[in-house]
file model_35.txt (compact mmCIF, C-alpha atoms)
# COMPACT_ATOMS: atom_id res chain seq x y z
CA MET O 1 13.23 4.79 30.50
CA LYS O 2 13.80 2.85 33.71
CA LYS O 3 13.43 4.40 37.14
CA TYR O 4 14.35 2.70 40.37
CA ILE O 5 14.30 3.71 44.01
CA CYS O 6 15.42 2.02 47.21
CA PHE O 7 12.45 1.99 49.59
CA LEU O 8 11.05 -1.06 51.30
CA ILE O 9 8.46 -2.01 53.90
CA VAL O 10 8.44 -5.71 54.64
CA ILE O 11 6.93 -8.35 56.83
CA LEU O 12 9.59 -9.08 59.41
CA PHE O 13 10.30 -12.59 60.63
CA SER O 14 12.46 -13.57 63.55
CA ILE O 15 13.52 -16.86 65.05
CA ILE O 16 10.68 -17.45 67.46
CA LYS O 17 9.07 -20.29 69.28
CA VAL O 18 6.07 -21.47 67.27
CA ASN O 19 4.22 -23.37 70.00
CA ALA O 20 4.55 -20.96 72.89
CA THR O 21 2.64 -20.76 76.13
CA PRO O 22 0.19 -17.87 76.60
CA THR O 23 2.66 -16.12 78.90
CA GLU O 24 5.50 -16.54 76.38
CA LEU O 25 3.28 -15.00 73.69
CA TYR O 26 2.59 -12.00 75.92
CA ASP O 27 6.30 -11.57 76.77
CA SER O 28 7.30 -11.77 73.10
CA THR O 29 4.76 -9.12 72.18
CA TRP O 30 5.99 -6.81 74.95
CA LYS O 31 9.58 -7.21 73.73
CA VAL O 32 8.78 -6.60 70.04
CA LEU O 33 6.85 -3.46 70.94
CA SER O 34 9.57 -2.12 73.23
CA GLU O 35 12.21 -2.56 70.51
CA ASN O 36 10.27 -1.25 67.53
CA PHE O 37 7.44 1.19 68.40
CA TYR O 38 8.26 4.55 66.85
CA ASP O 39 7.69 6.54 70.04
CA LYS O 40 10.52 5.49 72.36
CA SER O 41 8.70 7.04 75.32
CA MET O 42 5.93 4.47 74.68
CA ASN O 43 3.33 7.24 74.95
CA HIS O 44 5.11 8.79 77.96
CA GLN O 45 4.67 5.83 80.30
CA ASP O 46 6.75 3.35 82.24
CA TRP O 47 6.70 0.50 79.74
CA ASN O 48 8.40 -1.90 82.15
CA ARG O 49 5.28 -2.04 84.29
CA TRP O 50 3.53 -3.92 81.49
CA LYS O 51 6.23 -6.58 81.50
CA THR O 52 5.10 -7.93 84.85
CA LYS O 53 1.48 -6.80 84.88
CA TYR O 54 0.16 -10.11 83.57
CA GLN O 55 1.76 -13.28 84.91
CA ASN O 56 0.76 -16.94 84.57
CA LEU O 57 -1.78 -16.36 81.83
CA ALA O 58 -3.87 -19.52 81.54
CA THR O 59 -5.43 -19.29 78.07
CA TYR O 60 -4.72 -17.65 74.75
CA GLU O 61 -7.98 -15.75 75.01
CA ASP O 62 -6.76 -14.21 78.27
CA THR O 63 -3.47 -13.38 76.55
CA TYR O 64 -5.16 -11.71 73.60
CA THR O 65 -7.09 -9.50 76.02
CA ALA O 66 -3.95 -8.65 77.97
CA ILE O 67 -1.99 -7.82 74.82
CA ASN O 68 -4.75 -5.58 73.45
CA THR O 69 -4.97 -3.77 76.78
CA MET O 70 -1.22 -3.18 76.69
CA ILE O 71 -1.39 -1.88 73.10
CA GLU O 72 -4.27 0.46 73.92
CA SER O 73 -1.97 2.27 76.34
CA LEU O 74 0.14 3.38 73.35
CA ASP O 75 -2.80 5.36 71.90
CA ASP O 76 -1.87 4.43 68.35
CA ALA O 77 -4.66 3.32 66.03
CA TYR O 78 -2.28 1.55 63.66
CA THR O 79 -0.48 -0.72 66.11
CA ILE O 80 -2.67 -3.81 66.03
CA PHE O 81 -2.31 -7.32 67.44
CA MET O 82 -3.47 -10.11 65.13
CA GLN O 83 -4.70 -13.52 66.16
CA PRO O 84 -3.71 -16.43 63.86
CA SER O 85 -6.62 -16.05 61.41
CA GLU O 86 -6.14 -12.28 61.21
CA TYR O 87 -2.39 -12.61 60.72
CA ARG O 88 -2.95 -15.16 57.97
CA GLU O 89 -5.20 -12.69 56.16
CA GLU O 90 -2.62 -9.90 56.54
CA VAL O 91 0.20 -11.99 55.11
CA LEU O 92 -2.02 -13.13 52.27
CA SER O 93 -3.15 -9.63 51.33
CA MET O 94 0.43 -8.31 51.26
CA ASP O 95 1.83 -11.32 49.43
CA GLY O 96 -0.59 -11.08 46.53
CA LYS O 97 -0.22 -14.72 45.51
CA THR O 98 -3.85 -14.99 44.41
CA LEU O 99 -3.77 -11.96 42.10
CA GLN O 100 -2.78 -14.04 39.08
CA PHE O 101 -6.00 -15.99 39.55
CA GLY O 102 -8.10 -12.83 39.47
CA ILE O 103 -9.39 -13.22 42.98
CA TYR O 104 -9.28 -11.73 46.45
CA ILE O 105 -9.42 -13.95 49.52
CA ARG O 106 -10.98 -12.13 52.44
CA LYS O 107 -11.07 -13.52 55.98
CA LEU O 108 -14.31 -12.92 57.86
CA LYS O 109 -14.61 -14.47 61.31
CA ASN O 110 -14.09 -18.19 60.62
CA LYS O 111 -14.68 -18.01 56.88
CA CYS O 112 -12.52 -17.29 53.84
CA LEU O 113 -14.65 -15.45 51.30
CA LEU O 114 -13.72 -15.42 47.62
CA ILE O 115 -14.16 -12.16 45.71
CA PRO O 116 -13.53 -12.70 41.99
CA VAL O 117 -12.38 -9.86 39.76
CA LYS O 118 -14.67 -9.02 36.87
CA ASN O 119 -13.62 -10.96 33.76
CA GLY O 120 -10.77 -12.55 35.71
CA ALA O 121 -9.67 -16.18 35.68
CA ALA O 122 -11.68 -17.11 38.78
CA GLU O 123 -14.91 -15.58 37.51
CA LYS O 124 -14.48 -17.32 34.15
CA ALA O 125 -14.01 -20.62 35.99
CA GLY O 126 -17.35 -20.14 37.78
CA ILE O 127 -16.39 -18.63 41.14
CA LYS O 128 -18.98 -16.17 42.44
CA LYS O 129 -18.74 -13.35 44.97
CA ASN O 130 -18.84 -14.54 48.60
CA ASP O 131 -18.26 -18.18 47.80
CA ILE O 132 -16.67 -19.71 50.91
CA LEU O 133 -13.27 -21.33 50.39
CA LEU O 134 -13.03 -24.79 51.98
CA GLU O 135 -9.99 -26.42 50.36
CA ILE O 136 -6.97 -25.58 48.23
CA ASN O 137 -6.02 -28.51 45.98
CA GLY O 138 -7.88 -30.89 48.26
CA LYS O 139 -6.31 -29.62 51.50
CA SER O 140 -8.64 -28.12 54.08
CA ILE O 141 -7.84 -24.53 55.07
CA LYS O 142 -9.66 -24.80 58.40
CA ASP O 143 -6.60 -25.30 60.56
CA MET O 144 -3.99 -23.71 58.31
CA SER O 145 -1.52 -21.34 59.90
CA ALA O 146 -0.30 -18.27 58.02
CA ASP O 147 2.80 -20.22 56.97
CA ASP O 148 0.70 -23.19 55.83
CA PHE O 149 -1.51 -20.89 53.78
CA ASN O 150 1.45 -19.32 52.00
CA THR O 151 3.07 -22.70 51.45
CA ALA O 152 -0.10 -23.85 49.73
CA LEU O 153 -0.16 -20.73 47.58
CA ASP O 154 3.54 -21.01 46.72
CA ALA O 155 2.92 -24.55 45.51
CA ILE O 156 0.35 -23.36 42.98
CA ASP O 157 2.37 -20.43 41.65
CA ASN O 158 2.09 -20.32 37.82
CA ASN O 159 -0.04 -23.48 37.80
CA SER O 160 -3.74 -24.17 37.87
CA VAL O 161 -5.40 -24.45 41.26
CA GLU O 162 -8.49 -26.24 42.50
CA PHE O 163 -10.66 -24.36 44.99
CA THR O 164 -13.38 -26.31 46.76
CA ILE O 165 -16.11 -23.90 47.77
CA LYS O 166 -19.39 -23.74 49.65
CA ARG O 167 -22.19 -21.71 48.10
CA LYS O 168 -25.55 -20.86 49.58
CA HIS O 169 -28.30 -23.27 48.48
CA SER O 170 -25.76 -25.42 46.62
CA GLU O 171 -23.62 -28.48 47.27
CA ASP O 172 -19.89 -28.07 47.83
CA LYS O 173 -18.12 -27.89 44.47
CA THR O 174 -14.54 -27.83 43.19
CA TYR O 175 -13.46 -25.36 40.50
CA LYS O 176 -10.22 -25.48 38.53
CA ILE O 177 -8.75 -22.04 37.88
CA VAL O 178 -6.06 -21.44 35.28
CA PRO O 179 -4.09 -18.26 36.03
CA ALA O 180 -4.04 -15.45 33.54
CA GLU O 181 -0.67 -14.47 32.13
CA GLN O 182 -0.94 -11.07 33.80
CA GLN O 183 -3.75 -9.46 35.73
CA ASP O 184 -3.86 -6.11 37.39
CA ILE O 185 -6.76 -5.76 39.80
CA SER O 186 -5.43 -2.62 41.44
CA MET O 187 -5.47 -0.26 38.47
CA TYR O 188 -8.19 0.47 35.94
CA ASP O 189 -8.36 2.75 32.92
CA THR O 190 -12.07 3.45 33.18
CA PRO O 191 -13.91 5.81 35.58
CA PRO O 192 -16.28 4.49 38.26
CA TYR O 193 -19.32 5.48 36.19
CA LYS O 194 -19.58 4.54 32.53
CA LYS O 195 -21.46 7.72 31.62
CA ASN O 196 -18.36 9.82 32.41
CA LYS O 197 -16.36 9.63 29.20
CA ILE O 198 -12.65 10.42 29.01
CA PRO O 199 -11.39 12.24 25.88
CA LYS O 200 -9.08 10.15 23.72
CA ASN O 201 -6.12 12.48 24.25
CA ILE O 202 -6.26 12.18 28.07
CA LYS O 203 -5.14 9.05 29.89
CA TYR O 204 -7.10 8.11 33.02
CA TYR O 205 -5.83 5.73 35.71
CA ARG O 206 -7.94 4.66 38.69
CA ILE O 207 -5.72 3.07 41.33
CA VAL O 208 -7.87 1.38 43.97
CA SER O 209 -5.02 0.06 46.12
CA PHE O 210 -1.24 0.20 46.47
CA MET O 211 -1.18 -3.31 47.96
CA ASP O 212 -0.22 -5.27 44.82
CA ARG O 213 3.56 -5.75 44.77
CA ASN O 214 3.49 -5.66 40.95
CA LEU O 215 1.65 -2.34 40.72
CA ALA O 216 4.67 -0.05 40.21
CA ARG O 217 6.10 -2.30 37.51
CA GLN O 218 2.78 -2.42 35.68
CA PHE O 219 2.37 1.35 35.97
CA GLN O 220 5.85 1.83 34.50
CA GLU O 221 5.20 -0.49 31.56
CA ILE O 222 1.93 1.24 30.70
CA MET O 223 3.46 4.71 30.94
CA GLU O 224 6.45 3.77 28.80
CA ASN O 225 4.21 2.40 26.06
CA SER O 226 1.62 5.16 26.00
CA ASP O 227 3.10 8.57 26.76
CA ASP O 228 3.32 9.67 23.12
CA LYS O 229 -0.41 9.05 22.68
CA PHE O 230 -1.75 11.48 25.32
CA ASP O 231 -1.64 15.15 26.22
CA ALA O 232 -2.32 14.80 29.95
CA TYR O 233 -2.96 12.30 32.74
CA ILE O 234 -5.65 11.95 35.41
CA ILE O 235 -4.72 9.66 38.31
CA ASP O 236 -7.70 8.81 40.48
CA LEU O 237 -6.87 7.85 44.09
CA ARG O 238 -10.33 8.37 45.56
CA GLY O 239 -11.20 5.62 48.01
CA ASN O 240 -7.62 4.31 47.93
CA SER O 241 -6.76 3.65 51.57
CA GLY O 242 -3.14 2.82 50.83
CA GLY O 243 -1.10 -0.35 50.81
CA ILE O 244 2.63 -0.79 50.27
CA ALA O 245 4.42 2.53 50.72
CA LYS O 246 7.17 1.45 48.36
CA ASN O 247 4.71 1.40 45.46
CA ALA O 248 3.69 5.01 46.06
CA ALA O 249 7.30 6.18 46.36
CA VAL O 250 8.43 4.32 43.24
CA MET O 251 5.51 5.62 41.19
CA ALA O 252 6.10 9.20 42.36
CA ASN O 253 9.74 8.73 41.39
CA MET O 254 8.63 7.90 37.85
CA LEU O 255 6.92 11.29 37.54
CA LEU O 256 9.52 13.53 39.24
CA GLN O 257 13.02 14.70 38.40
CA ASP O 258 15.66 15.35 41.08
CA LYS O 259 12.97 16.19 43.64
CA GLU O 260 12.36 15.01 47.17
CA ILE O 261 9.63 12.38 47.45
CA LEU O 262 9.45 12.16 51.24
CA SER O 263 11.66 11.86 54.30
CA ILE O 264 11.36 9.02 56.79
CA VAL O 265 12.04 9.56 60.49
CA ASP O 266 12.79 6.56 62.72
CA ARG O 267 12.30 6.13 66.48
CA ASP O 268 15.76 7.59 67.16
CA GLY O 269 14.99 10.76 65.21
CA ASN O 270 17.20 9.80 62.27
CA LYS O 271 15.88 11.16 58.99
CA LYS O 272 16.29 9.47 55.62
CA VAL O 273 15.44 11.60 52.60
CA ILE O 274 14.09 9.77 49.56
CA ASN O 275 14.82 11.65 46.33
CA ALA O 276 13.70 11.01 42.78
CA ASN O 277 16.41 10.40 40.22
CA SER O 278 17.09 12.52 37.18
CA ASP O 279 14.80 11.04 34.53
CA THR O 280 11.03 10.90 34.26
CA LEU O 281 8.53 8.84 32.31
CA THR O 282 6.50 11.87 31.27
CA LYS O 283 6.51 15.65 31.40
CA LYS O 284 2.84 15.89 30.47
CA PRO O 285 0.37 17.64 32.85
CA ILE O 286 -1.00 15.50 35.68
CA ILE O 287 -4.14 15.84 37.78
CA VAL O 288 -4.61 13.67 40.88
CA LEU O 289 -8.09 13.06 42.28
CA ALA O 290 -8.29 12.46 46.04
CA ASP O 291 -10.91 12.34 48.78
CA ARG O 292 -11.26 11.83 52.53
CA TYR O 293 -10.60 8.10 52.08
CA SER O 294 -7.28 8.56 50.26
CA ALA O 295 -4.80 7.55 52.94
CA SER O 296 -1.34 6.27 53.78
CA ALA O 297 0.51 5.29 50.58
CA SER O 298 -1.98 7.39 48.58
CA GLU O 299 -0.96 10.44 50.61
CA ILE O 300 2.74 9.78 49.99
CA PHE O 301 2.01 9.93 46.26
CA VAL O 302 -0.28 12.97 46.54
CA ALA O 303 2.13 14.96 48.71
CA ALA O 304 5.14 14.20 46.52
CA LEU O 305 3.41 15.52 43.41
CA LYS O 306 1.64 18.42 45.13
CA ASP O 307 4.62 19.78 47.08
CA ASN O 308 6.81 19.65 43.98
CA ASN O 309 4.17 21.40 41.84
CA ARG O 310 4.08 18.37 39.57
CA ALA O 311 0.31 17.82 39.74
CA ILE O 312 -2.92 19.62 40.52
CA ILE O 313 -4.86 17.90 43.31
CA ILE O 314 -8.64 18.01 42.91
CA GLY O 315 -11.22 16.67 45.36
CA GLU O 316 -11.32 16.61 49.15
CA LYS O 317 -8.77 16.77 51.95
CA THR O 318 -7.11 13.38 52.37
CA PHE O 319 -7.43 11.13 55.41
CA GLY O 320 -4.25 12.07 57.29
CA LYS O 321 -2.00 9.07 57.98
CA GLY O 322 1.63 10.07 58.28
CA VAL O 323 3.03 7.01 60.03
CA MET O 324 4.37 3.70 58.74
CA GLN O 325 4.02 0.16 59.99
CA ASP O 326 5.88 -3.12 59.74
CA VAL O 327 4.30 -6.51 60.38
CA PHE O 328 6.09 -8.77 62.85
CA LYS O 329 5.50 -12.48 63.34
CA LEU O 330 4.80 -13.65 66.89
CA PRO O 331 4.63 -17.12 68.47
CA ASP O 332 1.60 -19.35 67.95
CA ASN O 333 1.07 -18.00 64.40
CA CYS O 334 0.05 -14.58 65.70
CA GLY O 335 1.35 -11.28 64.38
CA ILE O 336 1.46 -7.59 65.15
CA ASN O 337 1.33 -4.50 62.99
CA ILE O 338 3.54 -1.87 64.67
CA THR O 339 3.98 1.81 63.85
CA VAL O 340 7.76 2.01 63.45
CA LYS O 341 8.36 5.32 61.66
CA HIS O 342 6.71 8.53 60.54
CA TYR O 343 7.27 10.51 57.38
CA LEU O 344 7.37 14.13 56.31
CA THR O 345 6.23 15.47 52.95
CA PRO O 346 8.73 17.28 50.69
CA SER O 347 7.60 20.57 52.29
CA GLY O 348 8.40 19.17 55.74
CA ASN O 349 4.78 18.65 56.79
CA PHE O 350 3.70 15.91 59.19
CA ILE O 351 0.23 15.13 57.87
CA ASN O 352 -0.85 12.64 60.54
CA LYS O 353 -4.42 13.40 61.65
CA LYS O 354 -4.29 16.52 59.42
CA GLY O 355 -4.46 15.32 55.82
CA ILE O 356 -3.51 17.10 52.61
CA GLU O 357 -5.62 19.94 51.28
CA PRO O 358 -6.48 19.79 47.55
CA ASP O 359 -5.63 22.62 45.18
CA ILE O 360 -9.25 22.66 44.04
CA TYR O 361 -11.91 21.50 46.49
CA VAL O 362 -14.80 19.48 45.00
CA SER O 363 -16.87 16.90 46.86
CA MET O 364 -19.44 14.39 45.76
CA ARG O 365 -22.96 14.97 47.04
CA LYS O 366 -25.48 12.26 47.78
CA TYR O 367 -27.44 13.28 44.71
CA ASP O 368 -24.33 12.87 42.54
CA TYR O 369 -23.94 9.24 43.61
CA ILE O 370 -27.57 8.52 42.81
CA ARG O 371 -27.33 10.14 39.38
CA LYS O 372 -23.80 8.76 38.83
CA ASN O 373 -22.61 12.26 38.19
CA ASP O 374 -18.87 12.45 38.87
CA ARG O 375 -18.44 16.15 39.73
CA VAL O 376 -14.80 15.68 40.69
CA LEU O 377 -13.80 14.07 37.40
CA LYS O 378 -15.76 16.72 35.48
CA GLN O 379 -13.82 19.44 37.31
CA ALA O 380 -10.54 17.77 36.32
CA LEU O 381 -11.56 17.68 32.66
CA LYS O 382 -12.73 21.29 32.85
CA TYR O 383 -9.41 22.36 34.37
CA LEU O 384 -7.43 20.65 31.61
CA LYS O 385 -9.56 22.33 28.96
CA ASN O 386 -9.51 25.84 30.43
CA ASN O 387 -6.06 26.09 31.99
CA LEU O 388 -3.85 23.83 29.92
CA LYS O 389 -5.59 24.39 26.61
CA ILE O 390 -6.17 20.67 26.22
CA SER O 391 -9.26 20.06 24.15
CA ARG O 392 -12.00 17.62 25.06
call {"tool": "encode", "arguments": {"input": "model_35.txt", "output": "structure tokens"}}
result
Amino acid sequence: MKKYICFLIVILFSIIKVNATPTELYDSTWKVLSENFYDKSMNHQDWNRWKTKYQNLATYEDTYTAINTMIESLDDAYTIFMQPSEYREEVLSMDGKTLQFGIYIRKLKNKCLLIPVKNGAAEKAGIKKNDILLEINGKSIKDMSADDFNTALDAIDNNSVEFTIKRKHSEDKTYKIVPAEQQDISMYDTPPYKKNKIPKNIKYYRIVSFMDRNLARQFQEIMENSDDKFDAYIIDLRGNSGGIAKNAAVMANMLLQDKEILSIVDRDGNKKVINANSDTLTKKPIIVLADRYSASASEIFVAALKDNNRAIIIGEKTFGKGVMQDVFKLPDNCGINITVKHYLTPSGNFINKKGIEPDIYVSMRKYDYIRKNDRVLKQALKYLKNNLKISR
């Protein structure tokens, strides 16, 4: 049973000057903000004064400082300027090219750290956590722009790749990694602690991020092939800080019928309502686990199921991020993440800085972490047993 929904957040590219002067970079940033920031009042200030505040900037470092000062005046925690290395990391994390190799690439200062997924292709090839990436297929990554990085990754799509790495107390070494046919490093079917067993008639999903562009498709395939085997579902979003909003909306669509998922409001006040279509992948009971770190795309999913009485939410109040961003490319391989819209839950609530209250409040205590006692998951299993007559 296929379910589709039209909902997209993308990295936006424009025709821009790549090698720009520091002043041109500042002017471009001012223009992109003025045309796209979701609050047209620009935080109730005369935005034009920033256009001429900094003239004849001599260095890029001076420009970065000027741009960040300008952005701070907007009082928006999610509008963020990115220098070339930071922008490269952002593009990489959204693009997901390395997922087939079972690896994360994380930018830290001037280093690219490799984080292999357990039992993934990279780990099997010999890559270890916090190995430092030096080269991709013999090409140094030191001076790569975001575009160069993605070009290198595009070239290795569906083929083996050679990563040259630096490891503490070892000589530099090159590893050949053969991609797995399919790897999902965003969703697991086992709880955080092995001692917490899930009954065979209950399906558990732990979604750690909505960033993987393939997540919704993988979720759909699993649901379509397993629904007749289970009596209920537990979807664990604890610690999930979000990712691609489209994933959350599409996955909520798979579990709802003819219900509103969310409404998106742009900078002109125009509202677009996103509704689920008429079929669903399952009608079985659903429990969603959430905590104070469940944010952004996670909250879209939580609110859609909660407000439509499709799931019971157990855990803590969520983080409270009700705004959406797009990533824009700037000159000199820089970028900017701009808040461009906000959204309302199906009940019309604006959850920004407020969060979503659970139906049943349960929090983990310090002692629970030490003993690996998942009180929240236990409460979910208890609820299924007592209220839905689902045996353990």
call {"tool": "atom_distance", "arguments": {"input": "model_35.txt", "atom1": "CA of Ser186 in chain O", "atom2": "CA of Gln83 in chain O"}}
result
27.0 Å
call {"tool": "residues_around", "arguments": {"input": "model_35.txt", "residues": "Ser73 in chain O", "least_positions_apart": "3", "cutoff": "9 Å", "atoms": "only C-alpha atoms", "output": "PyMOL selection string"}}
result
chain O and resi 42-43+45+68-70+76
call {"tool": "residues_around", "arguments": {"input": "model_35.txt", "residues": "Leu25 in chain O", "least_positions_apart": "6", "cutoff": "8 Å", "atoms": "only C-alpha atoms", "output": "mmCIF file with C-alpha atoms, keeping the file's coordinate frame"}}
result
data_model
loop_
_atom_site.group_PDB
_atom_site.id
_atom_site.type_symbol
_atom_site.label_atom_id
_atom_site.label_comp_id
_atom_site.auth_asym_id
_atom_site.auth_seq_id
_atom_site.Cartn_x
_atom_site.Cartn_y
_atom_site.Cartn_z
ATOM 1 C CA THR O 63 -3.470 -13.380 76.550
ATOM 2 C CA LEU O 330 4.800 -13.650 66.890
ATOM 3 C CA PRO O 331 4.630 -17.120 68.470
ATOM 4 C CA ASP O 332 1.600 -19.350 67.950
#
call {"tool": "atom_distance", "arguments": {"input": "model_35.txt", "atom1": "CA of Tyr293 in chain O", "atom2": "CA of Gly239 in chain O"}}
result
4.8 Å
call {"tool": "residues_near_point", "arguments": {"input": "model_35.txt", "point": "(-8.6, 4.7, 45.4)", "cutoff": "7 Å", "atoms": "only C-alpha atoms", "output": "list of chain:residue names"}}
result
O:Arg206, O:Ile207, O:Val208, O:Ser209, O:Asp236, O:Leu237, O:Arg238, O:Gly239, O:Asn240, O:Ser241, O:Ser294
call {"tool": "residues_around", "arguments": {"input": "model_35.txt", "residues": "Trp50 in chain O", "least_positions_apart": "6", "cutoff": "12 Å", "atoms": "only C-alpha atoms", "output": "NGL selection string"}}
result
:O and (26-27 or 29-31 or 33-34 or 42 or 66-74)
call {"tool": "closest_residue", "arguments": {"input": "model_35.txt", "among": "O:Lys283, O:Lys272, O:Lys111, O:Lys378", "to": "Met223 in chain O", "atoms": "all atoms listed in the file"}}
result
O:Lys283
call {"tool": "residues_around", "arguments": {"input": "model_35.txt", "residues": "Lys341 in chain O", "least_positions_apart": "2", "cutoff": "10 Å", "atoms": "all atoms listed in the file", "output": "PyMOL selection string"}}
result
chain O and resi 36-39+264-271+322-326+338-339+343
call {"tool": "atom_distance", "arguments": {"input": "model_35.txt", "atom1": "CA of Ile198 in chain O", "atom2": "CA of Asp231 in chain O"}}
result
12.3 Å
call {"tool": "residues_near_point", "arguments": {"input": "model_35.txt", "point": "(-4.0, 13.4, 59.5)", "cutoff": "6 Å", "atoms": "all atoms listed in the file", "output": "MDAnalysis selection string"}}
result
chainID O and resid 319:321 351:355
call {"tool": "residues_around", "arguments": {"input": "model_35.txt", "residues": "range 166-180 of chain O", "least_positions_apart": "6", "cutoff": "6 Å", "atoms": "all atoms listed in the file", "output": "PyMOL selection string"}}
result
chain O and resi 100-101+121-122+125+131-132+160
call {"tool": "closest_residue", "arguments": {"input": "model_35.txt", "among": "O:Phe219, O:Ser278, O:Leu377, O:Asn386", "to": "Lys195 in chain O", "atoms": "only C-alpha atoms"}}
result
O:Leu377
call {"tool": "closest_residue", "arguments": {"input": "model_35.txt", "among": "O:Ile370, O:Cys334, O:Met211, O:Ile287", "to": "Leu388 in chain O", "atoms": "all atoms listed in the file"}}
result
O:Ile287
call {"tool": "closest_residue", "arguments": {"input": "model_35.txt", "among": "O:Glu316, O:Glu123, O:Glu299, O:Asp189", "to": "Arg375 in chain O", "atoms": "all atoms listed in the file"}}
result
O:Glu316
call {"tool": "closest_residue", "arguments": {"input": "model_35.txt", "among": "O:Asp374, O:Asp368, O:Glu90, O:Glu357", "to": "Val302 in chain O", "atoms": "all atoms listed in the file"}}
result
O:Glu357
call {"tool": "closest_residue", "arguments": {"input": "model_35.txt", "among": "O:Asn333, O:Thr318, O:Asn119, O:Thr164", "to": "Ile136 in chain O", "atoms": "only C-alpha atoms"}}
result
O:Thr164
